[in-house]
Each structure stands twice: as C-alpha cells, then as structure tokens.
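To keep things clear, I will list the structure first and then write my remarks on it.
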Amino acid sequence: MNLKGKDFLKLLDYTSEEIEYLINLAADLKKKKKSGIPHDILKGKNIALIFEKTSTRTRCSFEVAARDLGMGVTYLDPGASQIGRKESIADTARVLSSIYDGIEYRGFGQEIVEELAKYSTVPVWNGLTNEFHPTQILADFLTIKEKFGRLKGINFVYLGDARYNMGNSLMVGCAKMGLNFTACAPEKYFPDTDLVDECRKIAKETGAKIIFEEDPVKATKNADVIYTDVWVSMGEPELVWAERINDLSDYQVTKKIMKNAGEDAIFMHCLPSYHDKKTEIGKRICDKFNRDSVEVTNEVFESEQSVVFQEAENRMHTIKAVMYATL
C-alpha cells in the first residue's frame with residue numbers, strides 16, 4: 001500500500017484498509033526493534049516537531065521513532081515557534097517544508113494542522129489537536145489487537161468526557177475498524193452530533209455499533225475494553241474541575257466497573273492519569289475534593305487488567321509506522 005506523501009491529520013481521511021495497514025506495519029516495526037534489527041531506512045531525512053502543547057509520550061515517541069529510522073529531529077517548543085504569532089501558519093508551512101522532510105504539529109485547533117498541511121509540500125502529522133488525536137488511536141488499536149488478536153467486534157466503552165479529541169478519535173476509529181463503541185457519560189458530555197452522524201454512516205459499512213449510555217453499569221456489561229481519560233483537558237481552566245467532579249464521579253473506573261465488564265476485560269488510558277496523589281495536580285485536586293483518585297482508582301490502574309504502559313510504548317511503534325509509510 002502506497003501512502004508516500006500523504007498527511008496524517010485525522011482518521012476520517014484514511015480508509016479502514018489503510019488504518020489496518022498502519023497497525024500491521026507498526027507491529028512489524030515493533031518486532032524489528034525488539035529483535036535488534038536495524039531499520040534506519042530514512043537516513044538523510046529530517047523532521048520538525050512543533051509543540052504548542054507540551055507532552056511526554058508524543059515528543060519521546062516521535063524523537064525515538066525518527067532516530068530509529070535514521071532521521072534528524074528538530075524540536076520547537078511553545079516558546080521557540082512563531083507559528084500564528086510573528087509568522088502565519090501558511091508561511092511557517094512553506095518555510096519548514098523547504099527545510100524538512102516532514103512536520104509534526106501538536107497544539108490547538110484542528111484548523112491549524114489542516115492549514116499547515118494545505119501549504120506544506122511535505123507530509124504533516126497531527127500529534128494532537130483539540131478535536132483529534134489520531135496517533136493515539138493507532139497505539140490503542142495495536143494494543144487491543146495484541147491482547148485479543150482482532151479489532152472487529154470488540155466491545156469498546158469510553159467513560160467520561162467524550163466531547164474532545166479522545167472521545168472523537170476513538171469513536172471514529174471504532175467506526176472505521178468495526179469495533180462497537182459506547183460513550184458512557186451524562187448526555188452533555190457526548191460528542192458533536194454531526195460527527196456522530198458521520199461515524200454512524202461509516203459504521204453501517206463496517207458493522208460497528210455507535211451507542212450512547214448514561215448508566216455505567218449498563219454500558220460496561222460484557223465490555224472487552226474500558227477506556228477513560230482525564231476529566232479536564234489540557235488548556236481548560238482549573239475552575240471547571242468542580243463541575244467535572246460533580247458530573248463525572250459516577251463514571252470513575254473502579255474495581256466494580258471492571259468486574260461488571262468481566263475478568264477478560266482490559267483497562268486503557270492515554271495518560272497522564274490522576275490515579276493517586278503522587279503528582280502535583282493529582283494531589284491538589286484529590287485534596288480539594290476529598291478523593292484518593294480521579295478518573296480511575298489506583299487499584300484498577302495497577303491491576304493485571306491494566307495495559308496502560310503497553311499502550312504507551314505502542315505510541316512510538318505506531319508513530320514510526322506513520323512516518324515510515326508517509327515518507
């Protein structure tokens with residue numbers, strides 16, 4: 001399959017077959033790395049990483065993946081890039097694509113990465129926007145396939161605020177790949193209706209189901225995958241925590257929820273997670289609202305059903321596959 005020169009902005013732009021190809025390619029590249037087989041076939045190429053929102057996993061994944069492939073990397077942190085401030089997005093794209101062979105963007109609106117791609121002459125990859133996080137979903141699906149041997153027909157349940165990049169991208173990914181997606185939250189936390197309609201059209205072709213349920217017990221019964229994310233997204237004001245704690249406390253992933261799903265169910269989280277008080281923000285929020293944890297209990301996070309660190313590692317392998325395929 002030839003994806004050379006193609007941008008990776010959102011999964012809606014890719015066919016089910018192309019997504020499957022990237023997941024399988026990632027699995028192959030992972031085997032090579034684990035076996036110590038060199039795969040630095042992109043020697044001489046260079047990429048730019050634009051980070052308007054900081055990250056641990058995304059930055060490390062792109063940098064290690066690029067170096068494994070033999071490429072040079074330039075990291076532009078929030079203070080180093082003038083994108084949208086002193087230099088327009090279009091001009092940034094034209095300058096960087098004349099110097100680099102690929103550009104990653106992690107930041108704010110989806111329209112920014114779309115405009116970068118419009119004016120760039122090299123592939124542009126979405127490392128996260130407010131609306132979509134496609135590289136994370138590839139890592140999630142590689143993890144699910146490693147655990148269950150398949151994607152199609154998997155019962156996938158997302159608990160919590162499903163209105164932003166993770167809820168959106170997981171719903172799209174499940175629709176594309178034939179997983180049954182359930183968003184479980186109060187109704188006001190469901191994804192945008194236009195995107196829901198688009199995903200339901202896709203699901204008709206793949207056999208996936210798109211379900212919305214407010215009762216966590218009903219939603220998680222016989223689930224294969226229980227997934228959650230932090231309740232306040234990066235960039236949101238801290239004052240919204242009170243509302244989220246009030247609205248979403250019943251949707252915390254607990255041992256009871258995992259038991260309801262079944263002993264073969266796995267727990268997933270894109271990280272970072274407030275599963276205890278061992279982070280500055282986690283401690284502040286837990287102390288303020290008299291809690292031991294937020295979106296998931298430490299008991300579940302550290303359990304044998306949790307695959308969060310396998311999932312985190314797979315970010316690097318799937319990002320490598322995207323760069324390998326598009327370059």
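Going by the structure tokens order, chains are called A, B, ..., each with residues numbered from 1, while ligands are numbered from 1 in the order shown.
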Give the helix (DSSP H, G or I) residues of segment 137-298 of chain A, as assigned by DSSP on the backbone, as a PyMOL selection string. chain A and resi 137-148+165-177+187-189+193-206+216-220+238-251+255-261+280-288+298
Counting only C-alpha atoms, which residues of segment 190-277 of chain A fall within 10 Å of segment 311-324 of chain A, and what is the closest atom pair for each with its distance in Å at one decimal, ordered by chain and rising number, as CSV?
residue,atom,partner,partner_atom,distance
A:Met268,CA,A:Glu311,CA,7.5
A:His269,CA,A:Glu311,CA,8.0
A:Cys270,CA,A:Ala312,CA,7.1
A:Leu271,CA,A:Ala312,CA,7.8
A:Pro272,CA,A:Ala312,CA,9.9
Near-segment 105-107 of chain A list (8 Å; only C-alpha atoms; drop same-chain fewer than 3 positions) as a PDB file with N, CA, C and O atoms, in the first residue's frame:
ATOM      1  N   LEU A  49       9.346  19.070  14.761  1.00  0.00           N
ATOM      2  CA  LEU A  49       8.265  18.799  15.698  1.00  0.00           C
ATOM      3  C   LEU A  49       7.815  20.116  16.315  1.00  0.00           C
ATOM      4  O   LEU A  49       8.557  20.732  17.091  1.00  0.00           O
ATOM      5  N   ILE A  50       6.606  20.564  15.980  1.00  0.00           N
ATOM      6  CA  ILE A  50       6.054  21.805  16.533  1.00  0.00           C
ATOM      7  C   ILE A  50       5.149  21.446  17.705  1.00  0.00           C
ATOM      8  O   ILE A  50       4.122  20.781  17.524  1.00  0.00           O
ATOM      9  N   PHE A  51       5.518  21.886  18.902  1.00  0.00           N
ATOM     10  CA  PHE A  51       4.733  21.587  20.099  1.00  0.00           C
ATOM     11  C   PHE A  51       4.238  22.883  20.732  1.00  0.00           C
ATOM     12  O   PHE A  51       4.980  23.558  21.445  1.00  0.00           O
ATOM     13  N   GLU A  52       2.991  23.245  20.447  1.00  0.00           N
ATOM     14  CA  GLU A  52       2.371  24.375  21.138  1.00  0.00           C
ATOM     15  C   GLU A  52       1.752  23.916  22.459  1.00  0.00           C
ATOM     16  O   GLU A  52       1.465  24.727  23.325  1.00  0.00           O
ATOM     17  N   LYS A  53       1.522  22.600  22.585  1.00  0.00           N
ATOM     18  CA  LYS A  53       1.160  21.988  23.857  1.00  0.00           C
ATOM     19  C   LYS A  53       2.238  20.968  24.185  1.00  0.00           C
ATOM     20  O   LYS A  53       2.586  20.130  23.347  1.00  0.00           O
ATOM     21  N   THR A  54       2.773  21.028  25.396  1.00  0.00           N
ATOM     22  CA  THR A  54       3.853  20.125  25.770  1.00  0.00           C
ATOM     23  C   THR A  54       3.345  18.695  25.933  1.00  0.00           C
ATOM     24  O   THR A  54       2.153  18.454  26.047  1.00  0.00           O
ATOM     25  N   VAL A 113      -3.532  22.536  12.032  1.00  0.00           N
ATOM     26  CA  VAL A 113      -2.788  21.463  11.372  1.00  0.00           C
ATOM     27  C   VAL A 113      -3.287  21.249   9.948  1.00  0.00           C
ATOM     28  O   VAL A 113      -2.504  20.901   9.044  1.00  0.00           O
ATOM     29  N   VAL A 124       2.476  16.213   6.770  1.00  0.00           N
ATOM     30  CA  VAL A 124       2.219  16.820   8.075  1.00  0.00           C
ATOM     31  C   VAL A 124       1.476  15.804   8.928  1.00  0.00           C
ATOM     32  O   VAL A 124       0.531  15.165   8.463  1.00  0.00           O
ATOM     33  N   TRP A 125       1.910  15.650  10.186  1.00  0.00           N
ATOM     34  CA  TRP A 125       1.317  14.658  11.090  1.00  0.00           C
ATOM     35  C   TRP A 125       0.715  15.353  12.307  1.00  0.00           C
ATOM     36  O   TRP A 125       1.344  16.224  12.903  1.00  0.00           O
ATOM     37  N   ASN A 126      -0.473  14.942  12.674  1.00  0.00           N
ATOM     38  CA  ASN A 126      -1.172  15.504  13.822  1.00  0.00           C
ATOM     39  C   ASN A 126      -0.760  14.775  15.101  1.00  0.00           C
ATOM     40  O   ASN A 126      -1.105  13.620  15.304  1.00  0.00           O
ATOM     41  N   GLY A 127      -0.028  15.480  15.976  1.00  0.00           N
ATOM     42  CA  GLY A 127       0.375  14.919  17.264  1.00  0.00           C
ATOM     43  C   GLY A 127      -0.646  15.144  18.349  1.00  0.00           C
ATOM     44  O   GLY A 127      -0.528  14.578  19.430  1.00  0.00           O
ATOM     45  N   LEU A 128      -1.645  15.949  18.104  1.00  0.00           N
ATOM     46  CA  LEU A 128      -2.820  16.195  18.949  1.00  0.00           C
ATOM     47  C   LEU A 128      -3.348  17.584  18.631  1.00  0.00           C
ATOM     48  O   LEU A 128      -2.573  18.544  18.528  1.00  0.00           O
ATOM     49  N   THR A 129      -4.658  17.673  18.436  1.00  0.00           N
ATOM     50  CA  THR A 129      -5.346  18.962  18.403  1.00  0.00           C
ATOM     51  C   THR A 129      -6.521  18.884  19.368  1.00  0.00           C
ATOM     52  O   THR A 129      -6.788  17.836  19.954  1.00  0.00           O
ATOM     53  N   ASN A 130      -7.229  19.974  19.512  1.00  0.00           N
ATOM     54  CA  ASN A 130      -8.401  19.969  20.394  1.00  0.00           C
ATOM     55  C   ASN A 130      -9.434  18.943  19.955  1.00  0.00           C
ATOM     56  O   ASN A 130     -10.147  18.376  20.786  1.00  0.00           O
TER      57      ASN A 130
END
Show which residues sit within 7 Å of Ile154 of chain A, as a VMD selection string. Count only C-alpha atoms, and ignore same-chain residues fewer than 3 positions away. chain A and resid 151 179 to 180 224
Tell me, as a PyMOL selection string, which residues lie within 12 Å of Leu22 of chain A, counting only C-alpha atoms; anything in the same chain fewer than 4 positions away does not count. chain A and resi 1-3+8+11+14-18+26-29+134-135+137-139+141-142+317-326
Counting only C-alpha atoms, the residue among A:Val253, A:Val73, A:Leu42, A:Val230 that lies closest to Asn165 of chain A is A:Val230
If we count only C-alpha atoms, what is near Ile83 of chain A at a cut-off of 12 Å, once residues fewer than 2 positions away on the same chain are taken out, given as a list of chain:residue names? A:Ile50, A:Phe51, A:Glu52, A:Leu76, A:Asp77, A:Pro78, A:Gly79, A:Ala80, A:Ser81, A:Arg85, A:Lys86, A:Glu87, A:Ser88, A:Ile89, A:Ala90, A:Asp91, A:Thr92, A:Ala93, A:Arg94, A:Val95, A:Leu96, A:Tyr105, A:Arg106, A:Gly107, A:Phe108, A:Ile112, A:Val113, A:Glu115, A:Leu116
Please produce a file of those selected residues containing N, CA and C atoms, as a PDB file, in the first residue's frame.
ATOM      1  N   ILE A  50       6.606  20.564  15.980  1.00  0.00           N
ATOM      2  CA  ILE A  50       6.054  21.805  16.533  1.00  0.00           C
ATOM      3  C   ILE A  50       5.149  21.446  17.705  1.00  0.00           C
ATOM      4  N   PHE A  51       5.518  21.886  18.902  1.00  0.00           N
ATOM      5  CA  PHE A  51       4.733  21.587  20.099  1.00  0.00           C
ATOM      6  C   PHE A  51       4.238  22.883  20.732  1.00  0.00           C
ATOM      7  N   GLU A  52       2.991  23.245  20.447  1.00  0.00           N
ATOM      8  CA  GLU A  52       2.371  24.375  21.138  1.00  0.00           C
ATOM      9  C   GLU A  52       1.752  23.916  22.459  1.00  0.00           C
ATOM     10  N   LEU A  76      10.607  22.110  18.356  1.00  0.00           N
ATOM     11  CA  LEU A  76      10.239  23.505  18.545  1.00  0.00           C
ATOM     12  C   LEU A  76       9.218  23.585  19.670  1.00  0.00           C
ATOM     13  N   ASP A  77       9.652  24.067  20.832  1.00  0.00           N
ATOM     14  CA  ASP A  77       8.751  24.118  21.982  1.00  0.00           C
ATOM     15  C   ASP A  77       7.825  25.332  21.874  1.00  0.00           C
ATOM     16  N   PRO A  78       6.887  25.488  22.821  1.00  0.00           N
ATOM     17  CA  PRO A  78       5.914  26.588  22.714  1.00  0.00           C
ATOM     18  C   PRO A  78       6.549  27.966  22.588  1.00  0.00           C
ATOM     19  N   GLY A  79       7.766  28.144  23.123  1.00  0.00           N
ATOM     20  CA  GLY A  79       8.409  29.447  23.019  1.00  0.00           C
ATOM     21  C   GLY A  79       9.313  29.591  21.813  1.00  0.00           C
ATOM     22  N   ALA A  80       9.613  28.478  21.137  1.00  0.00           N
ATOM     23  CA  ALA A  80      10.572  28.513  20.032  1.00  0.00           C
ATOM     24  C   ALA A  80       9.909  28.726  18.678  1.00  0.00           C
ATOM     25  N   SER A  81       8.638  28.398  18.565  1.00  0.00           N
ATOM     26  CA  SER A  81       7.928  28.543  17.292  1.00  0.00           C
ATOM     27  C   SER A  81       7.146  29.852  17.270  1.00  0.00           C
ATOM     28  N   ARG A  85       1.888  33.734  15.447  1.00  0.00           N
ATOM     29  CA  ARG A  85       2.149  34.956  16.193  1.00  0.00           C
ATOM     30  C   ARG A  85       2.922  35.946  15.320  1.00  0.00           C
ATOM     31  N   LYS A  86       4.210  35.672  15.083  1.00  0.00           N
ATOM     32  CA  LYS A  86       5.009  36.549  14.224  1.00  0.00           C
ATOM     33  C   LYS A  86       5.047  36.049  12.789  1.00  0.00           C
ATOM     34  N   GLU A  87       4.645  34.788  12.600  1.00  0.00           N
ATOM     35  CA  GLU A  87       4.647  34.221  11.252  1.00  0.00           C
ATOM     36  C   GLU A  87       3.357  33.447  11.039  1.00  0.00           C
ATOM     37  N   SER A  88       2.739  33.654   9.907  1.00  0.00           N
ATOM     38  CA  SER A  88       1.469  32.980   9.641  1.00  0.00           C
ATOM     39  C   SER A  88       1.659  31.472   9.525  1.00  0.00           C
ATOM     40  N   ILE A  89       0.570  30.748   9.669  1.00  0.00           N
ATOM     41  CA  ILE A  89       0.614  29.292   9.538  1.00  0.00           C
ATOM     42  C   ILE A  89       1.064  28.906   8.139  1.00  0.00           C
ATOM     43  N   ALA A  90       0.532  29.598   7.150  1.00  0.00           N
ATOM     44  CA  ALA A  90       0.891  29.305   5.758  1.00  0.00           C
ATOM     45  C   ALA A  90       2.381  29.533   5.509  1.00  0.00           C
ATOM     46  N   ASP A  91       2.905  30.644   6.018  1.00  0.00           N
ATOM     47  CA  ASP A  91       4.331  30.941   5.819  1.00  0.00           C
ATOM     48  C   ASP A  91       5.208  29.942   6.562  1.00  0.00           C
ATOM     49  N   THR A  92       4.789  29.574   7.776  1.00  0.00           N
ATOM     50  CA  THR A  92       5.530  28.568   8.549  1.00  0.00           C
ATOM     51  C   THR A  92       5.611  27.264   7.772  1.00  0.00           C
ATOM     52  N   ALA A  93       4.490  26.857   7.189  1.00  0.00           N
ATOM     53  CA  ALA A  93       4.455  25.607   6.426  1.00  0.00           C
ATOM     54  C   ALA A  93       5.394  25.653   5.235  1.00  0.00           C
ATOM     55  N   ARG A  94       5.400  26.782   4.539  1.00  0.00           N
ATOM     56  CA  ARG A  94       6.231  26.889   3.339  1.00  0.00           C
ATOM     57  C   ARG A  94       7.716  26.945   3.683  1.00  0.00           C
ATOM     58  N   VAL A  95       8.049  27.612   4.791  1.00  0.00           N
ATOM     59  CA  VAL A  95       9.452  27.672   5.213  1.00  0.00           C
ATOM     60  C   VAL A  95       9.935  26.303   5.680  1.00  0.00           C
ATOM     61  N   LEU A  96       9.188  25.698   6.604  1.00  0.00           N
ATOM     62  CA  LEU A  96       9.636  24.423   7.177  1.00  0.00           C
ATOM     63  C   LEU A  96       9.673  23.311   6.143  1.00  0.00           C
ATOM     64  N   TYR A 105       2.718  18.483  14.205  1.00  0.00           N
ATOM     65  CA  TYR A 105       2.130  19.598  14.946  1.00  0.00           C
ATOM     66  C   TYR A 105       1.297  19.068  16.105  1.00  0.00           C
ATOM     67  N   ARG A 106       1.540  19.600  17.293  1.00  0.00           N
ATOM     68  CA  ARG A 106       0.732  19.300  18.475  1.00  0.00           C
ATOM     69  C   ARG A 106       0.323  20.636  19.093  1.00  0.00           C
ATOM     70  N   GLY A 107      -1.000  20.858  19.141  1.00  0.00           N
ATOM     71  CA  GLY A 107      -1.415  22.154  19.673  1.00  0.00           C
ATOM     72  C   GLY A 107      -2.905  22.307  19.822  1.00  0.00           C
ATOM     73  N   PHE A 108      -3.449  23.301  19.190  1.00  0.00           N
ATOM     74  CA  PHE A 108      -4.811  23.728  19.482  1.00  0.00           C
ATOM     75  C   PHE A 108      -5.797  23.289  18.393  1.00  0.00           C
ATOM     76  N   ILE A 112      -5.577  24.487  12.437  1.00  0.00           N
ATOM     77  CA  ILE A 112      -4.168  24.872  12.326  1.00  0.00           C
ATOM     78  C   ILE A 112      -3.376  23.793  11.593  1.00  0.00           C
ATOM     79  N   VAL A 113      -3.532  22.536  12.032  1.00  0.00           N
ATOM     80  CA  VAL A 113      -2.788  21.463  11.372  1.00  0.00           C
ATOM     81  C   VAL A 113      -3.287  21.249   9.948  1.00  0.00           C
ATOM     82  N   GLU A 115      -4.333  23.682   7.968  1.00  0.00           N
ATOM     83  CA  GLU A 115      -3.733  24.747   7.160  1.00  0.00           C
ATOM     84  C   GLU A 115      -2.245  24.503   6.936  1.00  0.00           C
ATOM     85  N   LEU A 116      -1.576  23.981   7.956  1.00  0.00           N
ATOM     86  CA  LEU A 116      -0.171  23.600   7.769  1.00  0.00           C
ATOM     87  C   LEU A 116      -0.032  22.630   6.601  1.00  0.00           C
TER      88      LEU A 116
END
Taking the DSSP assignment computed from this structure's backbone, write out as a PyMOL selection string all residues of segment 106-187 of chain A that belong to strand (DSSP E or B). chain A and resi 106+124-128+155-159+180-184
Output file for the selection above: N, CA and C atoms, as a PDB file, in the first residue's frame:
ATOM      1  N   ARG A 106       1.540  19.600  17.293  1.00  0.00           N
ATOM      2  CA  ARG A 106       0.732  19.300  18.475  1.00  0.00           C
ATOM      3  C   ARG A 106       0.323  20.636  19.093  1.00  0.00           C
ATOM      4  N   VAL A 124       2.476  16.213   6.770  1.00  0.00           N
ATOM      5  CA  VAL A 124       2.219  16.820   8.075  1.00  0.00           C
ATOM      6  C   VAL A 124       1.476  15.804   8.928  1.00  0.00           C
ATOM      7  N   TRP A 125       1.910  15.650  10.186  1.00  0.00           N
ATOM      8  CA  TRP A 125       1.317  14.658  11.090  1.00  0.00           C
ATOM      9  C   TRP A 125       0.715  15.353  12.307  1.00  0.00           C
ATOM     10  N   ASN A 126      -0.473  14.942  12.674  1.00  0.00           N
ATOM     11  CA  ASN A 126      -1.172  15.504  13.822  1.00  0.00           C
ATOM     12  C   ASN A 126      -0.760  14.775  15.101  1.00  0.00           C
ATOM     13  N   GLY A 127      -0.028  15.480  15.976  1.00  0.00           N
ATOM     14  CA  GLY A 127       0.375  14.919  17.264  1.00  0.00           C
ATOM     15  C   GLY A 127      -0.646  15.144  18.349  1.00  0.00           C
ATOM     16  N   LEU A 128      -1.645  15.949  18.104  1.00  0.00           N
ATOM     17  CA  LEU A 128      -2.820  16.195  18.949  1.00  0.00           C
ATOM     18  C   LEU A 128      -3.348  17.584  18.631  1.00  0.00           C
ATOM     19  N   ASN A 155     -16.038  -5.004  21.971  1.00  0.00           N
ATOM     20  CA  ASN A 155     -16.939  -4.076  22.662  1.00  0.00           C
ATOM     21  C   ASN A 155     -16.103  -3.068  23.451  1.00  0.00           C
ATOM     22  N   PHE A 156     -16.108  -1.840  22.978  1.00  0.00           N
ATOM     23  CA  PHE A 156     -15.231  -0.781  23.476  1.00  0.00           C
ATOM     24  C   PHE A 156     -16.078   0.280  24.189  1.00  0.00           C
ATOM     25  N   VAL A 157     -15.762   0.536  25.459  1.00  0.00           N
ATOM     26  CA  VAL A 157     -16.539   1.502  26.246  1.00  0.00           C
ATOM     27  C   VAL A 157     -15.633   2.626  26.737  1.00  0.00           C
ATOM     28  N   TYR A 158     -16.020   3.853  26.439  1.00  0.00           N
ATOM     29  CA  TYR A 158     -15.299   5.038  26.884  1.00  0.00           C
ATOM     30  C   TYR A 158     -16.119   5.730  27.962  1.00  0.00           C
ATOM     31  N   LEU A 159     -15.558   5.855  29.167  1.00  0.00           N
ATOM     32  CA  LEU A 159     -16.233   6.521  30.274  1.00  0.00           C
ATOM     33  C   LEU A 159     -15.652   7.908  30.494  1.00  0.00           C
ATOM     34  N   ASN A 180     -17.398  -2.017  18.397  1.00  0.00           N
ATOM     35  CA  ASN A 180     -18.637  -1.449  18.922  1.00  0.00           C
ATOM     36  C   ASN A 180     -18.285  -0.409  19.975  1.00  0.00           C
ATOM     37  N   PHE A 181     -18.587   0.858  19.673  1.00  0.00           N
ATOM     38  CA  PHE A 181     -18.185   1.979  20.532  1.00  0.00           C
ATOM     39  C   PHE A 181     -19.349   2.453  21.378  1.00  0.00           C
ATOM     40  N   THR A 182     -19.129   2.518  22.692  1.00  0.00           N
ATOM     41  CA  THR A 182     -20.115   3.090  23.608  1.00  0.00           C
ATOM     42  C   THR A 182     -19.483   4.249  24.355  1.00  0.00           C
ATOM     43  N   ALA A 183     -20.106   5.418  24.276  1.00  0.00           N
ATOM     44  CA  ALA A 183     -19.712   6.559  25.101  1.00  0.00           C
ATOM     45  C   ALA A 183     -20.627   6.571  26.305  1.00  0.00           C
ATOM     46  N   CYS A 184     -20.036   6.537  27.485  1.00  0.00           N
ATOM     47  CA  CYS A 184     -20.817   6.485  28.723  1.00  0.00           C
ATOM     48  C   CYS A 184     -20.519   7.727  29.556  1.00  0.00           C
TER      49      CYS A 184
END
Quick one: pull the distance between atom CA of Met234 of chain A and atom CA of Gly282 of chain A, Å, one decimal.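 Separating atom CA of Met234 of chain A from atom CA of Gly282 of chain A is a distance of 13.9 Å.
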So, counting only C-alpha atoms, which residue among A:Lys204, A:Lys10, A:Lys255, A:Lys188 is closest to Gln110 of chain A?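 Using only C-alpha atoms, Gln110 of chain A sits closest to A:Lys10.
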Quick one: of A:Thr56, A:Gln310, A:Ser233, A:Ser249, who's nearest to Met166 of chain A, counting only C-alpha atoms?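 Comparing A:Thr56, A:Gln310, A:Ser233, A:Ser249 against Met166 of chain A, the winner is A:Ser233.
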Residues near segment 206-216 of chain A, cut-off 9 Å, only C-alpha atoms, skip fewer than 4 positions along chain, as a PyMOL selection string: chain A and resi 16+152-153+159+171+174-187+190+196+199-200+202+220-221+250-251+257
Counting only C-alpha atoms, which residue out of A:Val217, A:Arg244, A:Gly262, A:Ser97 sits closest to Pro123 of chain A?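 So, comparing all the options, the nearest one is A:Ser97.
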Counting only C-alpha atoms, the residue of A:Glu111, A:Asp140, A:Glu104, A:Asp287 that sits nearest Val308 of chain A: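 Smallest separation from Val308 of chain A among the options: A:Asp140.
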Using only C-alpha atoms, which of A:Ala265, A:Leu195, A:Ala219, A:Ile226 sits nearest Asn168 of chain A?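 Closest residue, counting only C-alpha atoms: A:Leu195.
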Atom pair atom CA of Val296 of chain A / atom CA of Ser273 of chain A: separation (Å): 7.8 Å
Between atom CA of Ser293 of chain A and atom CA of His275 of chain A, what distance in Å does the model show, to one decimal?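 The value is 4.7 Å.
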